[in-house]
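Undergrad: Take this structure, written in structure tokens, and hold onto it; I'll ask about it next.
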Protein chains: 2
Amino acid sequence: MTLSGAALGSDGTIGILGGGQLGRMLALAAARLGLKCHVYSPDPQSPAFDVVRRATHGDYRDESALDSFAGDVDVVTYEFENVPAETARFLAARRPVLPDPAVLATTQDRLLEKNFIAGLQIATAPYRRIDGPADLAPALEAIGRPGVLKTRRFGYDGKGQVLIRNGDDPEAAWNAVGGAASILEAFVPFEREISVVAARGRDGRIACFDVTENEHRDHILKVARVPAEVPPAVAAEAQRIAERIAGAFDYVGVLAVEMFVVRNGTGHDVLVNEIAPRVHNSGHWTIDGASVSQFEQHVRAIAGWPLATPVRRGRVEMINLIGAEVEEYRQWLEVPGAAVHLYGKGGIRPGRKMGHVTRVTPE
Amino acid sequence: MTLSGAALGSDGTIGILGGGQLGRMLALAAARLGLKCHVYSPDPQSPAFDVVRRATHGDYRDESALDSFAGDVDVVTYEFENVPAETARFLAARRPVLPDPAVLATTQDRLLEKNFIAGLQIATAPYRRIDGPADLAPALEAIGRPGVLKTRRFGYDGKGQVLIRNGDDPEAAWNAVGGAASILEAFVPFEREISVVAARGRDGRIACFDVTENEHRDHILKVARVPAEVPPAVAAEAQRIAERIAGAFDYVGVLAVEMFVVRNGTGHDVLVNEIAPRVHNSGHWTIDGASVSQFEQHVRAIAGWPLATPVRRGRVEMINLIGAEVEEYRQWLEVPGAAVHLYGKGGIRPGRKMGHVTRVTPE
């Protein structure tokens with residue numbers, strides 16, 4: 001059965017590129033709805049392989065394996081934004097790929113992403129393009145210190161980022177990011193980090209989850225709390241921003257927009273930090289804390305099924321279990337009302353996301 | 001890794017006998033906790049196969065396949081009570097089988113089950129053993145009409161049952177159940193049918209879900225509502241009965257006890273109808289309607305992990321989608337707050353459970 005504008009049948013198969021915990025939780029959400037999943041991943045130890053019957057362990061450039069994969073599925077999606085552009089193009093010639101690979105081209109590159117956001121008249125931190133060390137001095141002059149040098153590509157969880165303070169040698173920062181094409185961003189003295197996880201259906205309907213407040217540790221999300229402690233006007237603006245971005249992309253699926261809330265006199269400014277064209281760690285609370293999860297919303301969207309209207313079940317706190325913290329699951333199993341999620345990853349490594357815990361309390 | 005009294009590690013594998021929707025939802029609950037599942041089923045179209053990486057399509061009497069299966073898992077459980085006794089014994093010699101296969105011997109046979117319940121001083125409908133047609137007349141004399149002739153083995157969803165009213169020929173009923181060893185039960189003019197889904201851990205701790213009220217159509221569960229509309233004393237008695245039964249079996253896992261509530265003057269009697277030594281359709285509401293599902297409780301119990309304390313999220317209604325009703329999922333997807341579950345079964349047949357919908361409303 002192939003999909004050509006029509007909605008997926010209840011016997012449909014979703015192809016998922018990437019086999020980490022996001023792919024795993026997408027597959028679990030699809031299974032609730034009776035849909036089958038085929039996971040494609042270059043990692044033979046992919047945790048998502050354990051929850052599907054059909055899995056391909058293959059390289060993203062293996063056209064023969066990709067072709068078989070495409071032939072077995074009705075629609076393709078991805079759990080991470082660094083899918084090689086050629087892989088997405090190759091698959092898109094065979095099956096619908098959602099969200100549209102054009103979104104990847106923008107979000108894989110911090111400069112293009114920032115330009116895209118700015119083009120929508122949405123505020124970001126001031127930034128400058130850095131193609132070589134000679135660009136740093138004028139950029140620092142314009143933006144001020146501290147500034148953050150970030151590689152345009154392949155950065156996540158703080159990787160590929162260096163802070164340049166007063167007195168720091170910009171050239172050392174340039175070397176620290178490996179001399180890769182970058183941007184220099186003004187350091188944002190934010191009051192809070194928030195995010196909006198939004199789903200957009202094929203019909204253009206958008207459903208936002210409530211604004212989440214994110215607490216990072218060592219650049220990795222540690223705790224997400226909902227609702228974010230921001231004034232209603234700030235929450236509304238954050239959701240409007242996410243909706244505008246989703247609309248501008250003609251997006252289909254779930255996306256997350258990370259934002260900074262900055263005090264400005266008696267009010268607040270909301271600056272977009274980055275866009276994740278996928279389900280997002282800051283939306284994991286929705287599994288237990290909302291009437292529909294971000295994973296099911298994504299599946300509904302790419303299947304051409306109607307989005308659900310998410311209703312939050314109370315105040316929600318989601319705590320990531322990172323690295324060796326996963327062993328805390330034993331204590332969490334004993335905590336009344338705590339929902340424990342483990343990702344079935346074999347090896348514990350520092351900084352590796354191994355599971356999470358969600359707690360919902362009545363408001 | 002094998003299990004010898006110790007709790008399953010977070011890298012453990014659960015073996016599930018049976019590949020229907022109950023096995024599927026068990027596997028999905030295990031996956032949330034990071035556990036792997038291996039499903040064993042004689043049906044090549046088993047819906048549970050779609051959500052696990054390891055599946056065996058084999059006969060329950062194929063000792064070689066069973067041996068490989070046992071070698072791949074740490075603990076064995078089942079999604080249905082008619083696992084052949086020899087299969088359970090064969091596996092129990094190799095791996096822990098939970099709940100204990102001794103429970104199957106009792107619950108596979110209505111007479112042994114009723115005797116077991118009666119032996120605990122718990123009320124049931126009056127019943128008599130029927131080994132042949134000659135036993136019917138004295139049994140009907142003792143119990144009165146209408147009576148229900150039920151085969152001792154392999155009855156479910158109303159199969160293997162015949163009502164004997166005034167004027168009916170008992171011998172015709174005997175022929176209608178295929179001349180199989182049976183019991184004759186008094187017809188119970190119940191006010192309501194209720195059930196209690198209870199989990200018992202390896203440590204003997206018991207956690208009951210709230211009492212569910214069950215509405216059948218054509219002998220198949222159609223709607224389950226929680227809480228049941230019964231006086232608090234009746235609900236408490238129903239839970240005590242389930243706890244007593246679980247304790248008497250030294251049970252490990254989830255079991256369901258179906259009961260009749262019968263008006264008696266100004267009060268009520270609670271009679272046990274039957275015991276299901278497994279997760280149960282009347283507990284499906286717990287996935288969306290409680291802080292922990294019956295499936296996760298079963299997994300926690302057989303893994304030797306602590307049980308959770310279930311907290312109900314509101315008034316809950318669970319509606320089965322039976323046969324062609326599955327097509328109603330399209331409308332249900334549009335209903336705010338409705339959680340749609342489809343089981344991924346290929347063929348629609350009358351009476352076949354294809355999915356369910358859960359609605360939770362604040363109390």
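Residues are named by chain letter and number: chains run A, B, ... in the order of the structure tokens, numbers start at 1 in each chain, and ligands are numbered from 1 in the order shown.
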Excluding range 333-348 of chain B and residues on its chain fewer than 2 positions from it, collect all residues at most 9 Å away from it, counting only C-alpha atoms, and give them as a PyMOL selection string.

TA: (chain A and resi 10-11+31-36+291-292+305-311) or (chain B and resi 20-21+24-25+45-48+50+288+321-324+326+328-331+350-361)

Undergrad: Which residues, written as JSON, numbers by chain, have at least one atom at most 12 Å from Tyr127 in chain B, with only C-alpha atoms counted and residues fewer than 6 positions away on the same chain left out?

TA: {"B": [110, 111, 112, 113, 114, 115, 117, 118, 136, 138, 139, 140, 141, 142, 143, 144, 147, 148, 149, 150, 152, 182, 183, 184, 185, 186, 187, 188, 273]}

Undergrad: Could you give me, as a PyMOL selection string, each residue of range 152-343 of chain A that DSSP assigns to helix (DSSP H, G or I) when run on this structure's backbone?

TA: chain A and resi 170-176+232-248+281-283+286-289+294-303+323-333

Undergrad: Save out the residues we just selected, C-alpha atoms, as a compact mmCIF listing (two decimals), in the first residue's frame.

TA:
```
# COMPACT_ATOMS: atom_id res chain seq x y z
CA PRO A 170 39.07 34.24 19.66
CA GLU A 171 41.49 32.19 17.58
CA ALA A 172 41.69 29.54 20.34
CA ALA A 173 37.89 29.30 20.18
CA TRP A 174 38.08 28.91 16.43
CA ASN A 175 40.53 26.06 16.87
CA ALA A 176 38.39 24.53 19.62
CA PRO A 232 0.42 33.98 30.25
CA ALA A 233 1.41 36.55 27.61
CA VAL A 234 4.89 35.01 27.34
CA ALA A 235 3.44 31.50 27.04
CA ALA A 236 1.03 32.68 24.36
CA GLU A 237 3.82 34.39 22.45
CA ALA A 238 6.00 31.27 22.65
CA GLN A 239 3.20 29.16 21.18
CA ARG A 240 2.52 31.74 18.46
CA ILE A 241 6.20 31.63 17.52
CA ALA A 242 6.15 27.83 17.25
CA GLU A 243 2.99 27.98 15.17
CA ARG A 244 4.47 30.59 12.84
CA ILE A 245 7.60 28.50 12.31
CA ALA A 246 5.60 25.32 11.67
CA GLY A 247 3.38 27.15 9.21
CA ALA A 248 6.31 28.75 7.38
CA ASN A 281 13.31 15.44 24.93
CA SER A 282 11.42 18.38 26.40
CA GLY A 283 8.20 16.72 25.20
CA THR A 286 3.49 14.23 27.38
CA ILE A 287 3.54 10.41 27.50
CA ASP A 288 2.26 10.37 31.07
CA GLY A 289 1.30 13.99 31.55
CA GLN A 294 4.13 14.03 21.29
CA PHE A 295 4.97 10.66 19.74
CA GLU A 296 1.36 9.84 18.92
CA GLN A 297 0.81 13.37 17.58
CA HIS A 298 3.78 12.89 15.25
CA VAL A 299 2.45 9.54 14.07
CA ARG A 300 -1.03 10.97 13.54
CA ALA A 301 0.40 13.88 11.56
CA ILE A 302 2.61 11.90 9.21
CA ALA A 303 -0.11 9.26 8.77
CA GLY A 323 24.65 7.98 32.26
CA ALA A 324 25.04 6.11 35.53
CA GLU A 325 21.94 7.84 36.93
CA VAL A 326 19.97 5.15 35.17
CA GLU A 327 20.57 2.96 38.21
CA GLU A 328 18.27 5.31 40.13
CA TYR A 329 15.38 3.58 38.38
CA ARG A 330 15.20 1.15 41.29
CA GLN A 331 14.36 3.96 43.71
CA TRP A 332 12.01 5.60 41.24
CA LEU A 333 10.03 2.38 40.86
```

Undergrad: Can you tell me, as a PyMOL selection string, what residues are no more than 10 Å from Gly18 in chain A when counting only C-alpha atoms, ignoring any on the same chain fewer than 4 positions away?

TA: chain A and resi 22-24+39-43+46-49+57+60+77-83

Undergrad: Considering only C-alpha atoms, state which residue in the set A:Val52, A:Ile14, A:Leu91, A:Ala123 is at the smallest distance from chain B.

TA: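 Using only C-alpha atoms, the shortest distance to chain B belongs to A:Val52.
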
Undergrad: Which residue is closest to chain B? Choose from A:Val51, A:Ala7, A:Cys37, A:Ala207 and count only C-alpha atoms.

TA: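 Using only C-alpha atoms, chain B sits closest to A:Val51.
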
Undergrad: So which bits of range 60-221 of chain A end up strand (DSSP E or B) when you DSSP the backbone, as a ChimeraX atom specification?

TA: /A:75-78,97,124,127-130,147-151,161-164,182-186,192-200,206-208,212-217,220-221

Undergrad: Using only C-alpha atoms, determine which residues lie at most 12 Å from Ser68 in chain A, disregarding the query and same-chain residues fewer than 4 positions distant; provide the list as a list in words.

TA: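 Non-adjacent residues within range: Gly15, His38, Tyr40, Arg54, Ala55, Thr56, His57, Gly58, Asp62, Glu63, Ser64, Asp72, Val73, Phe90, Leu91, Arg94 and Arg95 of chain A.
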
Undergrad: Could the residues in this selection be written to a file with N, CA and C atoms, as a tab-separated table (two decimals), in the first residue's frame?

TA:
```tsv
chain	number	residue	atom	x	y	z
A	15	GLY	N	8.14	4.00	8.20
A	15	GLY	CA	9.58	3.82	8.21
A	15	GLY	C	10.21	4.89	9.08
A	38	HIS	N	9.05	0.08	10.68
A	38	HIS	CA	10.31	-0.51	10.21
A	38	HIS	C	11.38	0.53	10.54
A	40	TYR	N	15.23	1.90	10.51
A	40	TYR	CA	16.47	1.84	9.74
A	40	TYR	C	17.54	2.56	10.54
A	54	ARG	N	10.30	-5.30	12.11
A	54	ARG	CA	11.08	-5.08	10.89
A	54	ARG	C	12.15	-4.03	11.17
A	55	ALA	N	13.38	-4.42	10.99
A	55	ALA	CA	14.49	-3.51	11.27
A	55	ALA	C	15.55	-3.71	10.20
A	56	THR	N	16.17	-2.63	9.79
A	56	THR	CA	17.31	-2.72	8.89
A	56	THR	C	18.51	-2.09	9.56
A	57	HIS	N	19.56	-2.89	9.68
A	57	HIS	CA	20.82	-2.35	10.15
A	57	HIS	C	21.62	-2.01	8.90
A	58	GLY	N	21.66	-0.72	8.57
A	58	GLY	CA	22.32	-0.34	7.33
A	58	GLY	C	22.88	1.06	7.40
A	62	ASP	N	23.74	3.36	1.95
A	62	ASP	CA	23.58	2.07	1.29
A	62	ASP	C	22.28	2.09	0.48
A	63	GLU	N	22.40	2.43	-0.82
A	63	GLU	CA	21.19	2.65	-1.62
A	63	GLU	C	20.36	1.39	-1.78
A	64	SER	N	21.02	0.25	-1.81
A	64	SER	CA	20.27	-1.00	-1.96
A	64	SER	C	19.41	-1.24	-0.72
A	72	ASP	N	9.24	-1.31	1.67
A	72	ASP	CA	8.50	-2.00	2.73
A	72	ASP	C	7.60	-1.06	3.53
A	73	VAL	N	7.71	0.24	3.30
A	73	VAL	CA	6.98	1.19	4.16
A	73	VAL	C	6.08	2.09	3.32
A	90	PHE	N	16.96	10.51	-1.70
A	90	PHE	CA	16.82	9.17	-2.28
A	90	PHE	C	15.49	8.54	-1.87
A	91	LEU	N	15.16	8.67	-0.59
A	91	LEU	CA	13.91	8.08	-0.09
A	91	LEU	C	12.70	8.85	-0.60
A	94	ARG	N	10.98	7.87	-3.60
A	94	ARG	CA	10.28	6.58	-3.55
A	94	ARG	C	9.02	6.60	-2.68
A	95	ARG	N	9.08	7.33	-1.59
A	95	ARG	CA	7.97	7.37	-0.64
A	95	ARG	C	7.87	8.78	-0.08
```

Undergrad: Report as a list in words all protein, DNA and RNA residues lying within 10 Å of Asp218 in chain B, evaluated on only C-alpha atoms, omitting residues in the same chain fewer than 3 positions from it.

TA: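 Non-adjacent residues within range: Asp157, Gly158, Leu221, Lys222 and Gly351 of chain B.
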